[in-house]
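**Student:** Just so it is clear, I am handing over final_16.tsv, which has TSV, C-alpha atoms.
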chain	number	residue	atom	x	y	z
A	4	MET	CA	0.00	0.00	0.00
A	5	ASN	CA	1.03	3.56	-0.74
A	6	LEU	CA	-0.24	5.72	2.14
A	7	LEU	CA	-0.39	9.50	2.62
A	8	ILE	CA	-0.70	10.89	6.16
A	9	SER	CA	-1.40	14.61	6.39
A	10	ARG	CA	-0.81	17.06	9.20
A	11	HIS	CA	-0.34	20.51	7.71
A	12	ASP	CA	-0.20	22.84	10.72
A	13	LYS	CA	2.27	23.61	13.53
A	14	ILE	CA	5.25	21.81	15.07
A	15	GLY	CA	3.54	20.34	18.13
A	16	ASP	CA	0.50	19.27	16.11
A	17	PHE	CA	2.76	17.35	13.72
A	18	VAL	CA	4.73	15.72	16.56
A	19	VAL	CA	1.56	14.38	18.21
A	20	THR	CA	0.69	12.73	14.88
A	21	LEU	CA	4.01	10.86	14.68
A	22	PRO	CA	2.83	7.92	16.85
A	23	LEU	CA	0.35	7.15	14.04
A	24	PHE	CA	3.16	7.09	11.48
A	25	LYS	CA	5.40	4.95	13.66
A	26	ALA	CA	2.78	2.41	14.74
A	27	ILE	CA	1.76	1.74	11.13
A	28	LYS	CA	5.37	1.53	9.92
A	29	GLU	CA	6.45	-0.84	12.70
A	30	GLN	CA	3.48	-3.17	12.32
A	31	PHE	CA	3.15	-2.99	8.52
A	32	PRO	CA	6.72	-2.29	7.35
A	33	LYS	CA	5.98	-2.88	3.66
A	34	ILE	CA	3.60	0.09	3.56
A	35	ASN	CA	5.16	3.16	1.98
A	36	ILE	CA	4.28	6.20	4.10
A	37	THR	CA	4.43	9.76	2.81
A	38	ALA	CA	3.86	12.80	5.04
A	39	LEU	CA	2.03	15.89	3.79
A	40	VAL	CA	3.27	18.73	6.00
A	41	SER	CA	3.58	22.50	6.27
A	42	LYS	CA	6.79	24.35	5.48
A	43	ILE	CA	7.91	24.56	9.11
A	44	ASN	CA	7.93	20.74	9.42
A	45	PHE	CA	9.13	19.82	5.91
A	46	ASP	CA	12.88	19.42	6.51
A	47	PHE	CA	12.29	17.91	9.95
A	48	ALA	CA	9.95	15.24	8.53
A	49	LYS	CA	12.65	14.24	6.02
A	50	GLU	CA	14.95	13.29	8.90
A	51	ILE	CA	12.50	10.83	10.48
A	52	ASP	CA	13.34	7.22	9.67
A	53	PHE	CA	9.80	5.84	9.76
A	54	ILE	CA	8.62	8.33	7.12
A	55	ASP	CA	9.50	7.26	3.57
A	56	ASP	CA	8.72	10.45	1.68
A	57	VAL	CA	7.55	14.01	2.33
A	58	ILE	CA	5.34	16.38	0.31
A	59	LEU	CA	5.17	20.09	1.08
A	60	TYR	CA	1.69	21.46	1.69
A	61	ASP	CA	2.37	24.70	-0.16
A	62	LYS	CA	-0.57	26.95	0.66
A	63	GLU	CA	0.82	29.54	-1.76
A	64	ASN	CA	0.80	27.10	-4.67
A	65	LEU	CA	-1.61	24.25	-4.04
A	66	ASP	CA	-1.64	23.27	-7.72
A	67	ILE	CA	1.93	22.02	-7.36
A	68	THR	CA	1.02	20.18	-4.17
A	69	LEU	CA	-1.92	18.54	-5.95
A	70	GLU	CA	0.26	17.38	-8.82
A	71	GLN	CA	2.80	15.89	-6.42
A	72	ILE	CA	0.05	14.00	-4.59
A	73	LYS	CA	-1.42	12.71	-7.87
A	74	SER	CA	1.99	11.56	-9.11
A	75	ARG	CA	2.49	9.27	-6.08
A	76	LYS	CA	-0.74	7.33	-6.84
A	77	PHE	CA	-1.73	6.85	-3.21
A	78	ASP	CA	-4.07	4.02	-2.28
A	79	ALA	CA	-5.28	5.77	0.87
A	80	SER	CA	-4.83	8.83	3.06
A	81	ILE	CA	-5.25	9.59	6.74
A	82	SER	CA	-5.72	13.20	7.83
A	83	ALA	CA	-5.29	14.00	11.51
A	84	TYR	CA	-6.52	17.56	11.05
A	85	ILE	CA	-8.85	18.79	8.31
A	86	ASP	CA	-10.15	21.99	6.79
A	87	MET	CA	-11.99	22.76	3.57
A	88	THR	CA	-8.84	23.48	1.56
A	89	LEU	CA	-7.20	20.17	2.49
A	90	GLY	CA	-10.46	18.31	1.92
A	91	LYS	CA	-10.83	19.66	-1.61
A	92	LEU	CA	-7.17	18.97	-2.34
A	93	LEU	CA	-7.34	15.30	-1.36
A	94	PHE	CA	-10.72	14.86	-3.09
A	95	LYS	CA	-9.27	16.22	-6.35
A	96	SER	CA	-6.21	14.00	-5.98
A	97	GLY	CA	-8.25	10.87	-6.67
A	98	ILE	CA	-7.21	8.98	-3.54
A	99	LYS	CA	-9.89	6.32	-3.16
A	100	LYS	CA	-9.83	5.88	0.62
A	101	ARG	CA	-9.65	9.12	2.59
A	102	VAL	CA	-9.76	8.85	6.39
A	103	ALA	CA	-10.42	11.80	8.70
A	104	PRO	CA	-12.09	12.73	11.98
A	105	ALA	CA	-15.82	13.42	11.55
A	106	THR	CA	-15.46	17.08	12.46
A	107	LYS	CA	-16.24	20.32	10.69
A	108	ILE	CA	-17.97	20.73	7.33
A	109	ALA	CA	-14.74	19.56	5.65
A	110	GLN	CA	-15.59	15.95	6.49
A	111	ILE	CA	-17.80	15.87	3.34
A	112	PHE	CA	-14.62	15.44	1.29
A	113	PHE	CA	-13.63	12.25	3.13
A	114	ASN	CA	-15.28	8.85	2.67
A	115	LYS	CA	-14.02	7.14	5.84
A	116	THR	CA	-14.71	9.26	8.90
A	117	ILE	CA	-14.50	8.58	12.63
A	118	LYS	CA	-16.52	10.30	15.35
A	119	GLN	CA	-14.02	11.13	18.04
A	120	ARG	CA	-15.56	14.04	19.97
A	121	ARG	CA	-12.16	15.41	20.87
A	122	SER	CA	-13.75	18.33	22.70
A	123	LYS	CA	-14.57	15.91	25.52
A	124	VAL	CA	-10.82	15.35	25.99
A	125	GLU	CA	-11.15	11.70	26.93
A	126	LYS	CA	-7.66	11.03	25.54
A	127	THR	CA	-4.55	12.96	24.61
A	128	GLU	CA	-4.26	14.35	21.09
A	129	TRP	CA	-1.64	11.80	20.11
A	130	GLN	CA	-3.94	8.97	21.22
A	131	TYR	CA	-6.82	10.37	19.17
A	132	ASN	CA	-4.49	10.57	16.16
A	133	LEU	CA	-3.38	6.98	16.67
A	134	ASP	CA	-7.01	5.84	16.68
A	135	LEU	CA	-7.45	7.07	13.10
A	136	GLY	CA	-5.26	4.22	11.89
A	137	LEU	CA	-7.89	1.66	12.90
A	138	LYS	CA	-10.14	2.78	10.04
A	139	LEU	CA	-7.65	1.37	7.51
A	140	PHE	CA	-5.93	-1.20	9.71
A	141	PRO	CA	-8.46	-2.85	12.07
A	142	THR	CA	-5.74	-5.05	13.61
A	143	LEU	CA	-3.46	-2.08	14.36
A	144	LYS	CA	-2.10	-2.18	17.91
A	145	LEU	CA	-2.23	1.31	19.35
A	146	ASP	CA	1.37	1.25	20.47
A	147	PHE	CA	4.87	1.97	19.18
A	148	SER	CA	8.46	1.63	20.35
A	149	ARG	CA	9.80	4.30	22.70
A	150	PRO	CA	11.28	6.82	22.55
A	151	LEU	CA	9.22	8.07	19.63
A	152	LEU	CA	12.34	9.59	18.06
A	153	HIS	CA	15.65	7.88	18.79
A	154	LEU	CA	18.61	10.21	18.38
A	155	GLU	CA	22.23	9.24	18.94
A	156	THR	CA	22.99	11.90	21.55
A	157	LYS	CA	24.74	11.83	24.89
A	158	LYS	CA	22.92	13.19	27.95
A	159	GLU	CA	24.57	16.23	29.49
A	160	LYS	CA	24.07	18.00	32.81
A	161	LYS	CA	22.06	20.75	31.24
A	162	VAL	CA	18.64	22.27	31.99
A	163	ILE	CA	16.92	24.15	29.17
A	164	PHE	CA	14.31	26.83	29.82
A	165	HIS	CA	12.11	27.85	26.87
A	166	PRO	CA	9.94	30.84	27.90
A	167	GLY	CA	8.06	31.31	24.61
A	168	PHE	CA	4.33	31.04	24.06
A	169	GLY	CA	2.75	29.21	21.14
A	170	GLY	CA	0.33	26.60	19.89
A	171	SER	CA	-2.57	25.77	22.20
A	172	SER	CA	-0.89	27.23	25.25
A	173	ASP	CA	-2.67	29.82	27.34
A	174	GLY	CA	-0.87	28.94	30.57
A	175	ASN	CA	2.66	30.01	31.39
A	176	ILE	CA	4.73	31.48	34.18
A	177	SER	CA	6.12	35.01	33.86
A	178	LEU	CA	9.54	35.79	32.45
A	179	ASP	CA	10.58	36.93	35.92
A	180	ASP	CA	9.65	33.51	37.29
A	181	TYR	CA	11.59	31.77	34.52
A	182	LEU	CA	14.57	33.80	35.72
A	183	ARG	CA	13.83	32.86	39.37
A	184	LEU	CA	13.61	29.17	38.47
A	185	ALA	CA	16.85	29.24	36.53
A	186	LYS	CA	18.63	31.19	39.25
A	187	SER	CA	17.52	28.65	41.85
A	188	ILE	CA	19.77	26.06	40.20
A	189	CYS	CA	22.55	28.31	38.89
A	190	ASN	CA	24.97	27.17	41.60
A	191	SER	CA	24.36	23.48	40.88
A	192	GLU	CA	26.41	21.25	38.60
A	193	TYR	CA	23.90	21.83	35.81
A	194	GLU	CA	24.41	24.29	32.97
A	195	VAL	CA	21.49	26.70	32.55
A	196	VAL	CA	20.34	27.35	28.97
A	197	PHE	CA	17.57	29.57	27.63
A	198	THR	CA	16.23	28.88	24.13
A	199	PHE	CA	14.04	31.13	22.00
A	200	GLY	CA	11.92	30.61	18.90
A	201	PRO	CA	11.63	32.96	15.90
A	202	ASP	CA	8.77	34.88	17.54
A	203	ASP	CA	10.44	35.22	20.93
A	204	SER	CA	12.67	38.26	20.36
A	205	LYS	CA	10.98	40.31	23.09
A	206	SER	CA	11.33	37.46	25.58
A	207	LYS	CA	14.97	37.03	24.65
A	208	ASP	CA	15.66	40.76	25.13
A	209	TYR	CA	13.96	40.71	28.53
A	210	ILE	CA	15.82	37.63	29.75
A	211	SER	CA	19.13	38.99	28.45
A	212	ASN	CA	18.63	42.38	30.11
A	213	HIS	CA	17.65	40.90	33.49
A	214	LEU	CA	20.14	38.03	33.69
A	215	ASP	CA	22.37	38.26	36.76
A	216	PHE	CA	23.80	34.72	36.79
A	217	ASP	CA	25.63	32.45	34.36
A	218	ALA	CA	23.40	31.14	31.59
A	219	LYS	CA	23.64	30.45	27.88
A	220	LEU	CA	21.14	31.99	25.46
A	221	ILE	CA	20.36	30.22	22.18
A	222	ASP	CA	18.13	31.65	19.45
A	223	SER	CA	16.25	29.91	16.63
A	224	LYS	CA	18.89	29.85	13.89
A	225	MET	CA	19.39	26.08	14.04
A	226	SER	CA	17.17	23.64	12.14
A	227	LEU	CA	14.25	21.91	13.85
A	228	PHE	CA	16.13	18.60	13.78
A	229	GLU	CA	19.23	20.21	15.30
A	230	PHE	CA	17.06	21.75	18.00
A	231	THR	CA	15.53	18.34	18.71
A	232	SER	CA	19.04	16.91	19.07
A	233	LEU	CA	19.81	19.65	21.59
A	234	LEU	CA	16.70	18.71	23.57
A	235	SER	CA	17.66	15.06	23.42
A	236	SER	CA	21.02	15.86	25.00
A	237	CYS	CA	19.66	17.86	27.95
A	238	TYR	CA	18.59	16.42	31.29
A	239	LEU	CA	15.45	18.54	31.70
A	240	PHE	CA	13.34	20.86	29.54
A	241	VAL	CA	11.15	23.53	31.13
A	242	SER	CA	8.51	25.29	29.04
A	243	THR	CA	4.90	26.09	28.39
A	244	SER	CA	2.77	23.74	26.27
A	245	THR	CA	4.11	24.40	22.78
A	246	GLY	CA	5.97	22.73	19.91
A	247	PRO	CA	9.38	22.48	21.63
A	248	MET	CA	7.72	20.76	24.61
A	249	HIS	CA	6.40	18.07	22.26
A	250	LEU	CA	9.82	17.70	20.64
A	251	ALA	CA	11.35	17.14	24.10
A	252	GLY	CA	8.70	14.53	24.82
A	253	ALA	CA	9.36	12.81	21.50
A	254	VAL	CA	12.98	12.14	22.53
A	255	ASN	CA	11.89	11.18	26.07
A	256	THR	CA	13.66	14.05	27.82
A	257	LYS	CA	12.33	14.91	31.27
A	258	THR	CA	9.91	17.84	31.11
A	259	ILE	CA	8.39	20.42	33.42
A	260	SER	CA	5.46	21.81	31.45
A	261	PHE	CA	2.91	24.55	32.04
A	262	PHE	CA	-0.69	24.26	30.82
A	263	GLY	CA	-3.70	26.55	30.82
A	264	ASP	CA	-6.53	26.01	33.28
A	265	SER	CA	-9.15	25.18	30.61
A	266	LEU	CA	-9.88	21.63	29.44
A	267	PHE	CA	-8.91	22.65	25.90
A	268	ALA	CA	-5.41	23.69	27.00
A	269	SER	CA	-4.92	21.07	29.71
A	270	SER	CA	-2.29	18.35	30.03
A	271	LYS	CA	-5.15	15.86	29.75
A	272	ARG	CA	-5.33	16.87	26.11
A	273	TRP	CA	-1.81	18.05	25.25
A	274	ALA	CA	0.46	15.88	27.41
A	275	THR	CA	3.72	14.95	25.74
A	276	ILE	CA	4.68	11.54	24.37
A	277	ASN	CA	7.50	10.86	26.82
A	278	GLY	CA	6.99	8.34	29.61
A	279	GLU	CA	4.65	9.50	32.38
A	280	LYS	CA	7.46	9.36	34.97
A	281	ASN	CA	9.35	11.93	32.88
A	282	GLN	CA	6.39	14.35	32.73
A	283	HIS	CA	5.87	16.96	35.42
A	284	ASN	CA	2.80	18.94	34.39
A	285	PHE	CA	1.44	22.07	36.07
A	286	THR	CA	-1.81	23.91	35.50
A	287	VAL	CA	-1.00	27.61	35.57
A	288	SER	CA	-3.81	30.16	35.68
A	289	GLU	CA	-3.36	33.72	34.50
A	290	ASP	CA	-3.28	34.94	38.11
A	291	TYR	CA	-1.29	32.07	39.59
A	292	SER	CA	0.06	32.54	43.08
A	293	ASN	CA	3.55	32.51	44.54
A	294	THR	CA	2.54	29.20	46.15
A	295	LYS	CA	2.23	27.72	42.65
A	296	TYR	CA	5.66	29.07	41.76
A	297	GLN	CA	7.18	27.56	44.91
A	298	GLU	CA	5.60	24.22	44.05
A	299	ILE	CA	7.26	24.31	40.62
A	300	GLU	CA	10.64	25.30	42.05
A	301	LYS	CA	10.45	22.48	44.59
A	302	VAL	CA	9.84	19.88	41.85
A	303	LEU	CA	12.72	21.31	39.82
A	304	GLY	CA	15.07	21.02	42.79
A	305	LYS	CA	14.01	17.44	43.57
A	306	LEU	CA	14.49	16.35	39.97
A	307	LEU	CA	18.08	17.55	39.98
A	308	GLU	CA	18.77	16.08	43.42
A	309	ASN	CA	17.49	12.65	42.38
A	310	GLU	CA	19.37	12.47	39.09
As structure tokens, please, write out the structure in this file.
**Tutor:**
Amino acid sequence: MNLLISRHDKIGDFVVTLPLFKAIKEQFPKINITALVSKINFDFAKEIDFIDDVILYDKENLDITLEQIKSRKFDASISAYIDMTLGKLLFKSGIKKRVAPATKIAQIFFNKTIKQRRSKVEKTEWQYNLDLGLKLFPTLKLDFSRPLLHLETKKEKKVIFHPGFGGSSDGNISLDDYLRLAKSICNSEYEVVFTFGPDDSKSKDYISNHLDFDAKLIDSKMSLFEFTSLLSSCYLFVSTSTGPMHLAGAVNTKTISFFGDSLFASSKRWATINGEKNQHNFTVSEDYSNTKYQEIEKVLGKLLENE
């Protein structure tokens, strides 16, 4: 079978679809799997060993994308996220079996749909995505080898703080509290590192101007795969619920993660793919208290003590 799996949005959304790719590839290795992804994930997807081919979802030139899909002669597609534009694209491509969640008006372009009711948040997003595979592969075991992404990196005594917002996140600690957290361990044997995405210039300026202890600042000039390798090498990654958090989970790095206090933004929905013992999830309201901060700092300290 020649299979197309589409996830054409942000970094974290693509990462939580990767268990679907991996489970199918491990259990049905003869299936050729192509990923249809947005520009931000294109080069990264090419580096993943359980993805055979990658097509760019070029929203500026969908005619080229359509021709590339047609040329591969796919037997089936699975779409973890749908909208009208994607639906029309895959319908025009002539793929005979098109699987998608039964959500939104766009489901009319798909002939194999699954009612998942994700708004109830009965599972994590990556588990919902994995369930989509059952529509084509009824015997599919909803499991895959861990870590999700295996990188040949050596663990270092390094803690990375990533203060940026993004994705579904509406819960985060303040930049001042990121500085407090980092300073609380600055005299330990661990190197303190701050990382920043392309939209985090204001956060980087603030951290840089208020830093009064030794720390390394890294911006977003490296590739997504290089950044994932960096996360794989660190002992702990501290961030809000956003793409980099999911990348850290994919390589099974320990995480301290901050989530909003709504069900939509909760860890129940957006928890990472790393083992549960490596996840340390906190619900952070907009007006969180110093008690909440102290709770986070205490967990950070214990994690480094018990290493």
**Student:** Would you kindly return, as a count of residues only, each protein, DNA or RNA residue with an atom no farther than 7 Å from any atom of Ser242 (chain A), considering all atoms listed in the file and excluding same-chain residues fewer than 5 positions away?
**Tutor:** 7
**Student:** Identify, on the basis of only C-alpha atoms, every residue whose closest approach to region 124-131 of chain A does not exceed 7 Å; exclude the query and any residue fewer than 3 positions from it along the same chain; express the result as a PyMOL selection string.
**Tutor:** chain A and resi 19-20+22+121+134-135+271-274
**Student:** CA of Thr258 (chain A) and CA of Asn284 (chain A) are how many Å apart?
**Tutor:**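 Between these atoms lies a distance of 7.9 Å.
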**Student:** Between A:Leu143, A:Ile176, A:Leu7, A:Leu152, which has the minimum distance to Lys99 (chain A) (counting all atoms listed in the file)?
**Tutor:**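 So, comparing all the options, the nearest one is A:Leu7.
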**Student:** At a cut-off of 12 Å, using only C-alpha atoms, what residues contact Ile117 (chain A)? Leave out same-chain residues fewer than 2 positions from it and give the result as a short mmCIF file (atom, residue, chain, number, x, y, z; two decimals) with C-alpha atoms, in the coordinates of the input.
**Tutor:**
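As a result, part-v8.cif now contains:
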data_model
loop_
_atom_site.label_atom_id
_atom_site.label_comp_id
_atom_site.auth_asym_id
_atom_site.auth_seq_id
_atom_site.Cartn_x
_atom_site.Cartn_y
_atom_site.Cartn_z
CA ILE A 81 -5.25 9.59 6.74
CA SER A 82 -5.72 13.20 7.83
CA ALA A 83 -5.29 14.00 11.51
CA ARG A 101 -9.65 9.12 2.59
CA VAL A 102 -9.76 8.85 6.39
CA ALA A 103 -10.42 11.80 8.70
CA PRO A 104 -12.09 12.73 11.98
CA ALA A 105 -15.82 13.42 11.55
CA THR A 106 -15.46 17.08 12.46
CA GLN A 110 -15.59 15.95 6.49
CA PHE A 113 -13.63 12.25 3.13
CA ASN A 114 -15.28 8.85 2.67
CA LYS A 115 -14.02 7.14 5.84
CA GLN A 119 -14.02 11.13 18.04
CA ARG A 120 -15.56 14.04 19.97
CA ARG A 121 -12.16 15.41 20.87
CA TYR A 131 -6.82 10.37 19.17
CA ASN A 132 -4.49 10.57 16.16
CA LEU A 133 -3.38 6.98 16.67
CA ASP A 134 -7.01 5.84 16.68
CA LEU A 135 -7.45 7.07 13.10
CA GLY A 136 -5.26 4.22 11.89
CA LEU A 137 -7.89 1.66 12.90
CA LYS A 138 -10.14 2.78 10.04
CA LEU A 139 -7.65 1.37 7.51
#
**Student:** For each of A:Ala268, A:Asp61, A:Thr156, A:Val287, take the minimum atom-to-atom distance to Ser235 (chain A), counting all atoms listed in the file, then give the residue where this is smallest.
**Tutor:**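 Distance minimum relative to Ser235 (chain A) lands on A:Thr156.
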**Student:** CA of Gly278 (chain A) and CA of Gln297 (chain A) are how many Å apart?
**Tutor:** 24.6 Å
**Student:** When you draw a straight line from CA of Ser187 (chain A) to CA of Glu300 (chain A), how long is it in Å?
**Tutor:**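 If I compute the distance from CA of Ser187 (chain A) to CA of Glu300 (chain A), I get 7.7 Å.
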**Student:** Using all atoms listed in the file and a cutoff of 8 Å, can you tell me which residues are near (6.8, 8.3, 0.3) in the file's coordinates, and write them out as a list of chain:residue names?
**Tutor:** A:Asn5, A:Leu6, A:Leu7, A:Asn35, A:Ile36, A:Thr37, A:Ala38, A:Ile54, A:Asp55, A:Asp56, A:Val57, A:Arg75
